[in-house]
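Have a look at the structure below, then the notes.
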Amino acid sequence: MRSMILLNGSPRREKTSFRFSQAIQKQAEACGVETEIYHIIDAFESSLRMDEVIGKIEEADYLGLVTPLYVDYLPYPVLWFMEECIKREIRVKSGAKFFAIAQCGFPDVRLLDPIMGACEIFAKKMKREWVGGIGYGGGAILDGIPMEELGKRGELITHAFSMMVEDLVNDQKIREDVQVEMTVRIPRILYRPLAFYLNHRSKQIARKNGVHDLWTQPYID
Ligand SMILES: Cc1cc2nc3c(=O)[nH]c(=O)nc-3n(C[C@H](O)[C@H](O)[C@H](O)COP(=O)(O)O)c2cc1C
């Protein structure tokens, strides 16, 4: 039986990246691929967990990273994890594949290009075949709601993941239609109000988490 490891790159264990991972797991298991989900943040916080994840990765036919965009790039624990994997020169099965799903708050999936580039380099360094990446713009609005409760949007995402898994089990690169299926088409006129709403929500979350000065620049003396 083939096996898949999904790495949830979000430090928020049960939010949107995790829901995407669960949806992929369901599709993969329906195709007979045994699938487990690991939270990168757990490996970041515990060396025992890191050893366990590495052991699993070495045995897996498919490795998938499901990650959010945080401040225009990968969350730091994901970067740490990638560097650690490269440092440890971990063994991989022959024909092992790597793919990525990245999602961001804003609707424009081009924001995810730097993540996809990093993932492709990671695959090369890990000697895994890069089979492609899928971006989703608008993850903030999904806010960790399970796919089954998202109505039409949930059905489209689930369908896109079923197409992706079909490509994986057929040993093909992920076809471009999967990205088309995942892309939320928002009329241009709604861009500004949506950006306003998303920025407003980010500020609310920051304040709730104790940020009093939103404009502080701690990295500048
Ligand atoms: C600390 C932080 C930084 C973020 N930075 C960006 C960003 O630069 N661009 C963007 O489009 N979305 C950004 N977002 C929105 C997230 O990418 C989005 O909410 C995503 O769905 C979060 O995934 P998660 O629920 O799996 O953590 C950010 C969110 C957080 C919490």
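Chains: A, B, ... in order of the structure tokens. Residues: from 1 per chain. Ligands: from 1, in order shown.
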Contacts of chain A with ligand 1 up to 10 Å, shortest pair per row, only C-alpha atoms and all ligand atoms, as JSON lines:
{"residue": "A:Asn8", "atom": "CA", "partner": "ligand 1", "partner_atom_place_in_ligand_line": "26 (O)", "distance": 7.8}
{"residue": "A:Gly9", "atom": "CA", "partner": "ligand 1", "partner_atom_place_in_ligand_line": "26 (O)", "distance": 7.3}
{"residue": "A:Ser10", "atom": "CA", "partner": "ligand 1", "partner_atom_place_in_ligand_line": "27 (O)", "distance": 4.6}
{"residue": "A:Pro11", "atom": "CA", "partner": "ligand 1", "partner_atom_place_in_ligand_line": "27 (O)", "distance": 6.4}
{"residue": "A:Arg12", "atom": "CA", "partner": "ligand 1", "partner_atom_place_in_ligand_line": "27 (O)", "distance": 5.1}
{"residue": "A:Arg13", "atom": "CA", "partner": "ligand 1", "partner_atom_place_in_ligand_line": "26 (O)", "distance": 7.5}
{"residue": "A:Glu14", "atom": "CA", "partner": "ligand 1", "partner_atom_place_in_ligand_line": "26 (O)", "distance": 7.3}
{"residue": "A:Lys15", "atom": "CA", "partner": "ligand 1", "partner_atom_place_in_ligand_line": "25 (O)", "distance": 4.0}
{"residue": "A:Thr16", "atom": "CA", "partner": "ligand 1", "partner_atom_place_in_ligand_line": "25 (O)", "distance": 3.9}
{"residue": "A:Ser17", "atom": "CA", "partner": "ligand 1", "partner_atom_place_in_ligand_line": "26 (O)", "distance": 3.7}
{"residue": "A:Phe18", "atom": "CA", "partner": "ligand 1", "partner_atom_place_in_ligand_line": "26 (O)", "distance": 6.2}
{"residue": "A:Arg19", "atom": "CA", "partner": "ligand 1", "partner_atom_place_in_ligand_line": "26 (O)", "distance": 8.0}
{"residue": "A:Phe20", "atom": "CA", "partner": "ligand 1", "partner_atom_place_in_ligand_line": "26 (O)", "distance": 8.5}
{"residue": "A:Ser21", "atom": "CA", "partner": "ligand 1", "partner_atom_place_in_ligand_line": "26 (O)", "distance": 9.7}
{"residue": "A:Val66", "atom": "CA", "partner": "ligand 1", "partner_atom_place_in_ligand_line": "26 (O)", "distance": 8.2}
{"residue": "A:Thr67", "atom": "CA", "partner": "ligand 1", "partner_atom_place_in_ligand_line": "26 (O)", "distance": 6.4}
{"residue": "A:Pro68", "atom": "CA", "partner": "ligand 1", "partner_atom_place_in_ligand_line": "23 (O)", "distance": 4.4}
{"residue": "A:Leu69", "atom": "CA", "partner": "ligand 1", "partner_atom_place_in_ligand_line": "17 (O)", "distance": 4.1}
{"residue": "A:Tyr70", "atom": "CA", "partner": "ligand 1", "partner_atom_place_in_ligand_line": "5 (N)", "distance": 3.5}
{"residue": "A:Val71", "atom": "CA", "partner": "ligand 1", "partner_atom_place_in_ligand_line": "8 (O)", "distance": 3.3}
{"residue": "A:Asp72", "atom": "CA", "partner": "ligand 1", "partner_atom_place_in_ligand_line": "8 (O)", "distance": 3.9}
{"residue": "A:Tyr73", "atom": "CA", "partner": "ligand 1", "partner_atom_place_in_ligand_line": "8 (O)", "distance": 6.9}
{"residue": "A:Leu74", "atom": "CA", "partner": "ligand 1", "partner_atom_place_in_ligand_line": "5 (N)", "distance": 9.2}
{"residue": "A:Pro75", "atom": "CA", "partner": "ligand 1", "partner_atom_place_in_ligand_line": "1 (C)", "distance": 8.0}
{"residue": "A:Ala102", "atom": "CA", "partner": "ligand 1", "partner_atom_place_in_ligand_line": "17 (O)", "distance": 8.6}
{"residue": "A:Gln103", "atom": "CA", "partner": "ligand 1", "partner_atom_place_in_ligand_line": "21 (O)", "distance": 5.8}
{"residue": "A:Cys104", "atom": "CA", "partner": "ligand 1", "partner_atom_place_in_ligand_line": "17 (O)", "distance": 3.5}
{"residue": "A:Gly105", "atom": "CA", "partner": "ligand 1", "partner_atom_place_in_ligand_line": "12 (N)", "distance": 3.6}
{"residue": "A:Phe106", "atom": "CA", "partner": "ligand 1", "partner_atom_place_in_ligand_line": "11 (O)", "distance": 4.0}
{"residue": "A:Pro107", "atom": "CA", "partner": "ligand 1", "partner_atom_place_in_ligand_line": "11 (O)", "distance": 7.2}
{"residue": "A:Asp108", "atom": "CA", "partner": "ligand 1", "partner_atom_place_in_ligand_line": "11 (O)", "distance": 7.5}
{"residue": "A:Val109", "atom": "CA", "partner": "ligand 1", "partner_atom_place_in_ligand_line": "11 (O)", "distance": 8.4}
{"residue": "A:Arg110", "atom": "CA", "partner": "ligand 1", "partner_atom_place_in_ligand_line": "11 (O)", "distance": 9.7}
{"residue": "A:Leu111", "atom": "CA", "partner": "ligand 1", "partner_atom_place_in_ligand_line": "11 (O)", "distance": 6.7}
{"residue": "A:Leu112", "atom": "CA", "partner": "ligand 1", "partner_atom_place_in_ligand_line": "11 (O)", "distance": 8.3}
{"residue": "A:Tyr136", "atom": "CA", "partner": "ligand 1", "partner_atom_place_in_ligand_line": "21 (O)", "distance": 8.8}
{"residue": "A:Gly137", "atom": "CA", "partner": "ligand 1", "partner_atom_place_in_ligand_line": "11 (O)", "distance": 7.2}
{"residue": "A:Gly138", "atom": "CA", "partner": "ligand 1", "partner_atom_place_in_ligand_line": "21 (O)", "distance": 6.8}
{"residue": "A:Gly139", "atom": "CA", "partner": "ligand 1", "partner_atom_place_in_ligand_line": "21 (O)", "distance": 3.5}
{"residue": "A:Ala140", "atom": "CA", "partner": "ligand 1", "partner_atom_place_in_ligand_line": "19 (O)", "distance": 3.4}
{"residue": "A:Ile141", "atom": "CA", "partner": "ligand 1", "partner_atom_place_in_ligand_line": "21 (O)", "distance": 7.2}
{"residue": "A:Leu142", "atom": "CA", "partner": "ligand 1", "partner_atom_place_in_ligand_line": "21 (O)", "distance": 6.9}
{"residue": "A:Asp143", "atom": "CA", "partner": "ligand 1", "partner_atom_place_in_ligand_line": "25 (O)", "distance": 5.7}
{"residue": "A:Gly144", "atom": "CA", "partner": "ligand 1", "partner_atom_place_in_ligand_line": "25 (O)", "distance": 5.7}
{"residue": "A:Ile145", "atom": "CA", "partner": "ligand 1", "partner_atom_place_in_ligand_line": "25 (O)", "distance": 9.4}
{"residue": "A:Ala195", "atom": "CA", "partner": "ligand 1", "partner_atom_place_in_ligand_line": "11 (O)", "distance": 9.6}
{"residue": "A:Leu198", "atom": "CA", "partner": "ligand 1", "partner_atom_place_in_ligand_line": "15 (C)", "distance": 8.6}
{"residue": "A:Asn199", "atom": "CA", "partner": "ligand 1", "partner_atom_place_in_ligand_line": "12 (N)", "distance": 9.5}
{"residue": "A:Arg201", "atom": "CA", "partner": "ligand 1", "partner_atom_place_in_ligand_line": "19 (O)", "distance": 10.0}
{"residue": "A:Ser202", "atom": "CA", "partner": "ligand 1", "partner_atom_place_in_ligand_line": "29 (C)", "distance": 7.5}
{"residue": "A:Ile205", "atom": "CA", "partner": "ligand 1", "partner_atom_place_in_ligand_line": "31 (C)", "distance": 8.4}
{"residue": "A:Ala206", "atom": "CA", "partner": "ligand 1", "partner_atom_place_in_ligand_line": "31 (C)", "distance": 8.7}
In stretch 15-180 of chain A, DSSP strand (DSSP E) residues written as a PyMOL selection string: chain A and resi 34-39+62-68+97-104+129-137
Spatial neighbours of A:Phe122, max dist 10 Å, only C-alpha atoms, sep filter under 5 positions, as a list in words: Leu79, Met82, Glu83, Cys85, Ile86, Phe98, Met116, Gly117, Lys127, Arg128 and Trp130 of chain A
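You can rank A:Ile37, A:Leu168, A:Ile220, A:Val92 by their closest distance to A:Lys124 using only C-alpha atoms, and at the top of that list sits A:Val92.
For the choices A:Val53, A:Ala100, A:Ile121, A:Met147, the atom-to-atom distance to A:Gln179 is smallest for A:Ala100 when using only C-alpha atoms.
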DSSP helix (DSSP H, G or I) selection over stretch 111-205 of chain A, as a PyMOL selection string: chain A and resi 111-126+139-142+147-149+151-169+176-182+188-205
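Atom CA of A:Val165 is found 14.6 Å from atom CA of A:Glu36.
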Nearby residues (only C-alpha atoms) at most 9 Å from A:Val169, same-chain spacing under 6 positions excluded, as a ChimeraX atom specification: /A:2,28,31,33
Separation of atom CA of A:Glu29 from atom CA of A:Asp113, in Å and rounded to one decimal: 28.8 Å
Option closest in space to A:Met164, from A:Asp213, A:Glu45, A:Met182, A:Arg188 [counting only C-alpha atoms]: A:Met182
Nearest residue to A:Phe99 from the set A:Gln204, A:Gln172, A:Gln217, A:Asn209 (distances using only C-alpha atoms): A:Gln172
